[in-house]
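Encoded as structure tokens, the structure appears first; notes follow it.
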Number of protein chains: 2
Amino acid sequence: MTIHRLSVYTRCLLQLEEDGVKTISSQEMADRFNLNSAQVRKDLAYFGEFGVRGIGYYVAGLKAELQRILGLDRQWPVVLIGFGNLGSALFHYKGFGRQGFRIAAIVDDDPGKVAREVESVPVVASRDLAREVRARGIQIAIVAVPADAAQPVTDQLVGAGIRAILNFAPARLKVPREVRLQNVDLSIELETLSFYLAQGSR
Amino acid sequence: MTIHRLSVYTRCLLQLEEDGVKTISSQEMADRFNLNSAQVRKDLAYFGEFGVRGIGYYVAGLKAELQRILGLDRQWPVVLIGFGNLGSALFHYKGFGRQGFRIAAIVDDDPGKVAREVESVPVVASRDLAREVRARGIQIAIVAVPADAAQPVTDQLVGAGIRAILNFAPARLKVPREVRLQNVDLSIELETLSFYLAQGSR
């Protein structure tokens, strides 16, 4: 099962919980959230222990188990590298906090930004990156700098002991095998749309 | 095959073309881009006509075919809704233009932003949205407004004839069946990382 689907199911279960739903069958979940029902049935079968024959799954129990698997049963302090337009947008992005990701430090070398705080989060220069990462026990970094600045700062992050990097810079970063790198390519999402439009126009 | 994987292969082939590679086997492609080789072999088998037995695939031919399928063999004018931090970041995001997506109009109701141009792209108020969309033949919209503003502007987009929406707002939007909606949830990418970190710490 892809990790991505676990995240999607977790969101569905959170929504169901908010709506006061206690149990749900895989078929109902597929219908309600417009998912592939065969896939949902197969995926959730892994979590049979949270199911009740003829009824479905306990929403609260299944949600808690998926959150545990995804590491969302704890808080993750995150360092944000780059505080330009994209960095600011990510800092204010509500979705991170909701899942337990908390931006604990911001790194930017712009003299107009360094040494101040944004909503109580310190902005430090890259020479202080390692110190902040260690002092705050940070394992995850978000890279939101221009392409040409991305590899040098990534090398610094690796040196500081960062174990996972979410990269928004349009650059192919090199990291050692033990560091997890996830690249976000926003244009891929647009291509899904152009695919459908192109199919429709043929 | 998922559309997402078509996008990934297209990027690999573009890179190979830049590097002057003329033909490649599925195994080489998997090795070089760190992909699942069984998956690559299976996926590319659909495009057998671009293959040469014992050699692999013609990079240029296969790339052009994937681009055609993804609708990337043309220009897509796009309307960007919202010009705050995220909207600005998306406007300056280089990846869109490279794939043929061109932001042709920006919609924002902030009086300080309306009626000016950003790099020759007009910023208009939402009351002029429909006019711009029709005049420019725009079919795709990117929604980058706060959650509470997302549904009203989406209704306007649908009314203006928009056929596909990429939504960054943390809101569950309702659109008619014939309009394609793609939601971007940036925290899902972070969860892939926390999943691996959580596994490692058990």
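For the structure tokens, the naming scheme is as follows: chains receive sequential letters (A, B, ...) according to their order of presentation, residues are indexed from 1 within each chain, and ligands are indexed from 1 in presentation order.
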Mind doing a quick least-squares superposition of chain B onto chain A, all C-alpha atoms paired one-to-one in order, and writing it out as a compact mmCIF listing (two decimals) with C-alpha atoms, in the first residue's frame?
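And here is the file that came out, out.txt:
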```txt
# COMPACT_ATOMS: atom_id res chain seq x y z
CA MET B 1 -0.08 -0.01 0.01
CA THR B 2 1.35 3.40 -0.79
CA ILE B 3 1.99 5.74 2.11
CA HIS B 4 0.06 8.39 0.20
CA ARG B 5 -3.15 6.35 0.49
CA LEU B 6 -2.66 5.96 4.23
CA SER B 7 -2.61 9.76 4.43
CA VAL B 8 -5.80 10.00 2.40
CA TYR B 9 -7.62 7.47 4.60
CA THR B 10 -6.47 9.31 7.70
CA ARG B 11 -8.03 12.51 6.37
CA CYS B 12 -11.29 10.72 5.58
CA LEU B 13 -11.43 9.22 9.07
CA LEU B 14 -10.73 12.60 10.68
CA GLN B 15 -13.62 14.04 8.70
CA LEU B 16 -15.91 11.15 9.68
CA GLU B 17 -14.97 11.63 13.33
CA GLU B 18 -15.81 15.35 13.07
CA ASP B 19 -19.15 14.38 11.55
CA GLY B 20 -19.85 12.09 14.50
CA VAL B 21 -19.62 8.82 12.53
CA LYS B 22 -18.57 5.91 14.78
CA THR B 23 -18.25 3.01 12.32
CA ILE B 24 -18.00 2.81 8.54
CA SER B 25 -17.74 0.08 5.91
CA SER B 26 -15.12 0.26 3.19
CA GLN B 27 -17.91 0.63 0.62
CA GLU B 28 -19.45 3.61 2.45
CA MET B 29 -16.05 5.20 2.81
CA ALA B 30 -15.35 4.77 -0.90
CA ASP B 31 -18.74 6.23 -1.84
CA ARG B 32 -18.50 9.13 0.54
CA PHE B 33 -14.99 10.22 -0.44
CA ASN B 34 -15.15 9.20 -4.06
CA LEU B 35 -12.44 6.55 -3.77
CA ASN B 36 -11.93 3.25 -5.62
CA SER B 37 -13.99 0.81 -3.54
CA ALA B 38 -11.99 -2.33 -4.45
CA GLN B 39 -8.82 -0.53 -3.44
CA VAL B 40 -10.28 0.73 -0.16
CA ARG B 41 -11.58 -2.74 0.70
CA LYS B 42 -8.19 -4.31 -0.01
CA ASP B 43 -6.22 -1.64 1.84
CA LEU B 44 -8.39 -1.59 4.94
CA ALA B 45 -8.33 -5.39 5.12
CA TYR B 46 -4.82 -5.00 6.54
CA PHE B 47 -6.44 -3.42 9.57
CA GLY B 48 -8.96 -6.19 10.18
CA GLU B 49 -8.52 -5.90 13.92
CA PHE B 50 -10.35 -2.55 13.80
CA GLY B 51 -13.24 -4.06 11.92
CA VAL B 52 -16.50 -5.58 13.06
CA ARG B 53 -18.02 -8.20 10.81
CA GLY B 54 -21.08 -6.89 9.00
CA ILE B 55 -20.59 -3.33 10.25
CA GLY B 56 -17.22 -2.07 9.08
CA TYR B 57 -14.46 -0.34 10.91
CA TYR B 58 -14.31 1.64 14.12
CA VAL B 59 -13.50 5.15 12.93
CA ALA B 60 -11.59 6.26 16.05
CA GLY B 61 -9.53 3.08 16.39
CA LEU B 62 -8.60 2.86 12.73
CA LYS B 63 -7.72 6.56 12.62
CA ALA B 64 -5.45 6.27 15.65
CA GLU B 65 -3.70 3.25 14.14
CA LEU B 66 -3.09 4.98 10.79
CA GLN B 67 -1.80 8.07 12.60
CA ARG B 68 0.58 5.92 14.59
CA ILE B 69 1.91 4.25 11.43
CA LEU B 70 2.37 7.63 9.76
CA GLY B 71 4.20 8.98 12.79
CA LEU B 72 1.40 11.48 13.42
CA ASP B 73 0.96 10.45 17.05
CA ARG B 74 3.69 12.93 18.01
CA GLN B 75 4.89 16.46 17.28
CA TRP B 76 7.63 16.95 14.66
CA PRO B 77 9.59 20.18 14.89
CA VAL B 78 10.57 21.29 11.37
CA VAL B 79 13.15 23.78 10.11
CA LEU B 80 12.05 25.92 7.16
CA ILE B 81 14.85 26.99 4.83
CA GLY B 82 14.04 30.14 2.86
CA PHE B 83 11.52 32.80 3.80
CA GLY B 84 10.62 34.31 0.44
CA ASN B 85 7.12 34.06 -1.06
CA LEU B 86 7.02 30.28 -0.98
CA GLY B 87 8.59 30.04 2.47
CA SER B 88 6.07 32.55 3.85
CA ALA B 89 3.21 30.68 2.24
CA LEU B 90 4.41 27.38 3.71
CA PHE B 91 4.92 28.97 7.13
CA HIS B 92 1.30 30.10 7.16
CA TYR B 93 -0.01 26.86 5.64
CA LYS B 94 -2.53 25.53 8.17
CA GLY B 95 -2.32 21.92 7.11
CA PHE B 96 1.11 21.26 8.57
CA GLY B 97 0.22 22.13 12.14
CA ARG B 98 -2.96 20.08 11.99
CA GLN B 99 -0.89 16.94 11.34
CA GLY B 100 1.63 17.64 14.08
CA PHE B 101 4.33 19.38 12.03
CA ARG B 102 5.47 22.58 13.71
CA ILE B 103 7.91 24.99 12.10
CA ALA B 104 10.31 25.58 14.97
CA ALA B 105 12.99 27.62 13.19
CA ILE B 106 13.36 29.57 9.93
CA VAL B 107 16.67 29.99 8.11
CA ASP B 108 17.21 32.92 5.75
CA ASP B 109 20.34 34.93 5.01
CA ASP B 110 18.49 38.11 4.05
CA PRO B 111 19.78 40.72 6.56
CA GLY B 112 16.28 42.22 6.65
CA LYS B 113 14.86 38.93 7.94
CA VAL B 114 17.57 37.49 10.18
CA ALA B 115 17.47 37.84 13.95
CA ARG B 116 13.81 38.66 14.13
CA GLU B 117 10.91 36.42 15.03
CA VAL B 118 7.82 35.51 13.03
CA GLU B 119 4.97 34.57 15.32
CA SER B 120 7.51 33.61 18.02
CA VAL B 121 9.55 31.47 15.60
CA PRO B 122 13.19 32.62 15.31
CA VAL B 123 14.72 33.50 11.94
CA VAL B 124 18.45 32.68 11.87
CA ALA B 125 21.21 32.94 9.29
CA SER B 126 22.43 29.74 7.65
CA ARG B 127 25.67 29.82 9.64
CA ASP B 128 23.53 29.14 12.73
CA LEU B 129 21.51 26.37 11.09
CA ALA B 130 23.33 23.44 12.72
CA ARG B 131 23.07 25.00 16.16
CA GLU B 132 19.28 25.51 15.86
CA VAL B 133 18.69 22.04 14.45
CA ARG B 134 20.57 20.38 17.30
CA ALA B 135 19.21 22.60 20.06
CA ARG B 136 15.63 21.96 18.95
CA GLY B 137 15.99 18.28 18.11
CA ILE B 138 14.83 18.88 14.54
CA GLN B 139 14.91 15.92 12.12
CA ILE B 140 12.83 17.31 9.23
CA ALA B 141 13.64 20.26 6.93
CA ILE B 142 11.58 22.03 4.27
CA VAL B 143 13.70 23.55 1.50
CA ALA B 144 12.06 26.57 -0.15
CA VAL B 145 15.02 28.44 -1.64
CA PRO B 146 15.88 29.19 -5.29
CA ALA B 147 17.35 26.29 -7.29
CA ASP B 148 20.96 27.47 -7.14
CA ALA B 149 20.91 27.81 -3.34
CA ALA B 150 19.33 24.41 -2.74
CA GLN B 151 22.33 22.03 -2.84
CA PRO B 152 24.61 24.09 -0.55
CA VAL B 153 21.93 24.40 2.10
CA THR B 154 21.06 20.72 1.72
CA ASP B 155 24.70 19.83 2.41
CA GLN B 156 24.51 21.97 5.53
CA LEU B 157 21.30 20.24 6.60
CA VAL B 158 22.87 16.82 6.16
CA GLY B 159 25.90 17.97 8.13
CA ALA B 160 23.62 19.17 10.93
CA GLY B 161 22.06 15.73 11.22
CA ILE B 162 18.73 16.31 9.42
CA ARG B 163 17.17 12.97 8.46
CA ALA B 164 14.37 13.96 6.09
CA ILE B 165 14.00 16.79 3.56
CA LEU B 166 10.92 18.06 1.74
CA ASN B 167 12.27 19.93 -1.28
CA PHE B 168 10.29 22.57 -3.17
CA ALA B 169 13.29 23.93 -5.09
CA PRO B 170 13.33 22.93 -8.76
CA ALA B 171 16.69 21.22 -8.34
CA ARG B 172 17.80 17.59 -8.21
CA LEU B 173 19.41 17.36 -4.80
CA LYS B 174 22.06 14.87 -3.75
CA VAL B 175 21.76 13.44 -0.27
CA PRO B 176 23.40 10.45 1.41
CA ARG B 177 21.46 7.20 1.37
CA GLU B 178 20.36 7.50 4.99
CA VAL B 179 18.61 10.84 4.44
CA ARG B 180 15.06 10.72 3.03
CA LEU B 181 14.40 13.21 0.25
CA GLN B 182 10.91 14.01 -1.01
CA ASN B 183 10.65 16.37 -3.98
CA VAL B 184 7.49 18.38 -4.54
CA ASP B 185 6.87 19.16 -8.18
CA LEU B 186 3.77 21.33 -8.35
CA SER B 187 3.48 21.14 -12.12
CA ILE B 188 2.81 17.39 -11.95
CA GLU B 189 -0.57 18.23 -10.43
CA LEU B 190 -1.37 20.53 -13.32
CA GLU B 191 -0.44 17.80 -15.78
CA THR B 192 -3.12 15.55 -14.35
CA LEU B 193 -5.60 18.25 -15.35
CA SER B 194 -4.17 18.86 -18.82
CA PHE B 195 -4.24 15.09 -19.37
CA TYR B 196 -8.01 15.02 -18.85
CA LEU B 197 -8.61 18.15 -20.89
CA ALA B 198 -6.47 16.76 -23.72
CA GLN B 199 -8.38 13.45 -23.63
CA GLY B 200 -11.67 15.31 -23.76
CA SER B 201 -10.65 17.33 -26.79
CA ARG B 202 -9.70 14.31 -28.91
```
message: as a PyMOL selection string, please: every residue in segment 46-165 of chain B that DSSP puts in helix (DSSP H, G or I).
response: chain B and resi 48-50+59-69+85-92+94-98+126-135+147-159
Kindly export the residues of the current selection with N, CA and C atoms, as a compact mmCIF listing (two decimals), in the first residue's frame.
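What follows is the written file selection.txt:
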```
# COMPACT_ATOMS: atom_id res chain seq x y z
N GLY B 48 5.51 0.25 -26.87
CA GLY B 48 6.41 -0.63 -27.60
C GLY B 48 6.85 -0.07 -28.94
N GLU B 49 5.98 0.69 -29.57
CA GLU B 49 6.31 1.22 -30.89
C GLU B 49 7.53 2.15 -30.87
N PHE B 50 7.85 2.67 -29.67
CA PHE B 50 9.02 3.55 -29.57
C PHE B 50 10.26 2.80 -29.12
N VAL B 59 14.54 7.98 -26.95
CA VAL B 59 14.24 9.00 -25.94
C VAL B 59 13.32 10.09 -26.52
N ALA B 60 13.69 10.64 -27.68
CA ALA B 60 12.93 11.76 -28.25
C ALA B 60 11.51 11.34 -28.62
N GLY B 61 11.38 10.18 -29.24
CA GLY B 61 10.06 9.73 -29.68
C GLY B 61 9.13 9.42 -28.51
N LEU B 62 9.69 8.73 -27.52
CA LEU B 62 8.88 8.37 -26.36
C LEU B 62 8.47 9.63 -25.58
N LYS B 63 9.41 10.55 -25.44
CA LYS B 63 9.11 11.80 -24.75
C LYS B 63 7.98 12.56 -25.44
N ALA B 64 8.07 12.67 -26.75
CA ALA B 64 7.04 13.41 -27.50
C ALA B 64 5.68 12.74 -27.34
N GLU B 65 5.67 11.41 -27.34
CA GLU B 65 4.40 10.70 -27.21
C GLU B 65 3.79 10.93 -25.82
N LEU B 66 4.63 10.83 -24.77
CA LEU B 66 4.11 11.06 -23.42
C LEU B 66 3.61 12.50 -23.28
N GLN B 67 4.34 13.44 -23.84
CA GLN B 67 3.90 14.84 -23.78
C GLN B 67 2.56 15.03 -24.47
N ARG B 68 2.39 14.33 -25.58
CA ARG B 68 1.12 14.45 -26.31
C ARG B 68 -0.02 13.91 -25.44
N ILE B 69 0.21 12.75 -24.82
CA ILE B 69 -0.83 12.14 -23.98
C ILE B 69 -1.18 13.06 -22.82
N ASN B 85 0.82 35.41 -0.49
CA ASN B 85 2.12 34.74 -0.48
C ASN B 85 2.15 33.53 -1.40
N LEU B 86 1.13 32.67 -1.25
CA LEU B 86 1.12 31.44 -2.05
C LEU B 86 0.93 31.76 -3.53
N GLY B 87 -0.01 32.67 -3.82
CA GLY B 87 -0.23 33.05 -5.22
C GLY B 87 1.03 33.61 -5.85
N SER B 88 1.74 34.48 -5.12
CA SER B 88 2.99 35.04 -5.64
C SER B 88 4.01 33.94 -5.89
N ALA B 89 4.11 33.03 -4.93
CA ALA B 89 5.08 31.94 -5.07
C ALA B 89 4.74 31.10 -6.30
N LEU B 90 3.46 30.81 -6.50
CA LEU B 90 3.06 30.00 -7.65
C LEU B 90 3.29 30.76 -8.95
N PHE B 91 3.04 32.06 -8.92
CA PHE B 91 3.26 32.88 -10.13
C PHE B 91 4.72 32.80 -10.57
N HIS B 92 5.62 32.82 -9.60
CA HIS B 92 7.04 32.81 -9.94
C HIS B 92 7.63 31.40 -10.06
N LYS B 94 8.91 28.31 -11.52
CA LYS B 94 9.42 28.11 -12.89
C LYS B 94 8.85 26.85 -13.56
N GLY B 95 8.50 25.89 -12.76
CA GLY B 95 8.10 24.60 -13.32
C GLY B 95 6.87 24.65 -14.22
N PHE B 96 5.95 25.56 -13.93
CA PHE B 96 4.72 25.61 -14.72
C PHE B 96 5.01 25.95 -16.18
N GLY B 97 5.77 27.04 -16.36
CA GLY B 97 6.05 27.51 -17.71
C GLY B 97 6.79 26.47 -18.53
N ARG B 98 7.68 25.73 -17.86
CA ARG B 98 8.48 24.74 -18.56
C ARG B 98 7.58 23.66 -19.18
N SER B 126 -12.45 40.09 -8.94
CA SER B 126 -13.20 38.88 -9.25
C SER B 126 -14.45 39.17 -10.08
N ARG B 127 -14.96 40.40 -10.01
CA ARG B 127 -16.14 40.68 -10.85
C ARG B 127 -15.80 40.62 -12.34
N ASP B 128 -14.51 40.74 -12.67
CA ASP B 128 -14.10 40.68 -14.08
C ASP B 128 -13.54 39.31 -14.48
N LEU B 129 -13.65 38.36 -13.56
CA LEU B 129 -13.09 37.02 -13.79
C LEU B 129 -13.64 36.39 -15.07
N ALA B 130 -14.96 36.33 -15.18
CA ALA B 130 -15.58 35.65 -16.33
C ALA B 130 -15.13 36.28 -17.65
N ARG B 131 -15.06 37.59 -17.66
CA ARG B 131 -14.67 38.29 -18.88
C ARG B 131 -13.25 37.87 -19.31
N GLU B 132 -12.31 37.86 -18.32
CA GLU B 132 -10.92 37.50 -18.63
C GLU B 132 -10.80 36.05 -19.11
N VAL B 133 -11.52 35.17 -18.41
CA VAL B 133 -11.45 33.75 -18.74
C VAL B 133 -11.92 33.52 -20.18
N ARG B 134 -13.02 34.17 -20.54
CA ARG B 134 -13.55 33.97 -21.90
C ARG B 134 -12.67 34.64 -22.94
N ALA B 135 -12.23 35.87 -22.65
CA ALA B 135 -11.43 36.60 -23.64
C ALA B 135 -10.12 35.87 -23.94
N ALA B 147 -9.26 29.55 2.84
CA ALA B 147 -10.30 28.51 2.79
C ALA B 147 -11.69 29.10 2.62
N ASP B 148 -12.01 30.17 3.36
CA ASP B 148 -13.39 30.65 3.33
C ASP B 148 -13.74 31.37 2.02
N ALA B 149 -12.74 31.75 1.26
CA ALA B 149 -13.00 32.43 -0.02
C ALA B 149 -13.03 31.43 -1.18
N ALA B 150 -12.68 30.19 -0.90
CA ALA B 150 -12.45 29.24 -2.01
C ALA B 150 -13.73 28.81 -2.73
N GLN B 151 -14.80 28.48 -1.98
CA GLN B 151 -16.01 28.01 -2.66
C GLN B 151 -16.68 29.11 -3.51
N PRO B 152 -16.83 30.33 -2.97
CA PRO B 152 -17.44 31.37 -3.82
C PRO B 152 -16.68 31.60 -5.13
N VAL B 153 -15.37 31.62 -5.06
CA VAL B 153 -14.63 31.90 -6.29
C VAL B 153 -14.67 30.68 -7.22
N THR B 154 -14.77 29.49 -6.63
CA THR B 154 -14.90 28.29 -7.45
C THR B 154 -16.23 28.31 -8.20
N ASP B 155 -17.29 28.74 -7.54
CA ASP B 155 -18.59 28.84 -8.21
C ASP B 155 -18.50 29.82 -9.39
N GLN B 156 -17.78 30.92 -9.15
CA GLN B 156 -17.58 31.88 -10.24
C GLN B 156 -16.81 31.27 -11.40
N LEU B 157 -15.78 30.49 -11.06
CA LEU B 157 -14.96 29.86 -12.10
C LEU B 157 -15.81 28.90 -12.93
N VAL B 158 -16.62 28.12 -12.24
CA VAL B 158 -17.48 27.16 -12.95
C VAL B 158 -18.44 27.93 -13.86
N GLY B 159 -19.00 29.02 -13.32
CA GLY B 159 -19.92 29.83 -14.12
C GLY B 159 -19.24 30.43 -15.35
```
query: Could you pull out all residues of chain A with a DSSP call of strand (DSSP E) and give them as number ranges by chain?
result: A: 23-24, 51-52, 56-58, 76-81, 101-107, 117-118, 121-124, 140-143, 164-167, 180-183
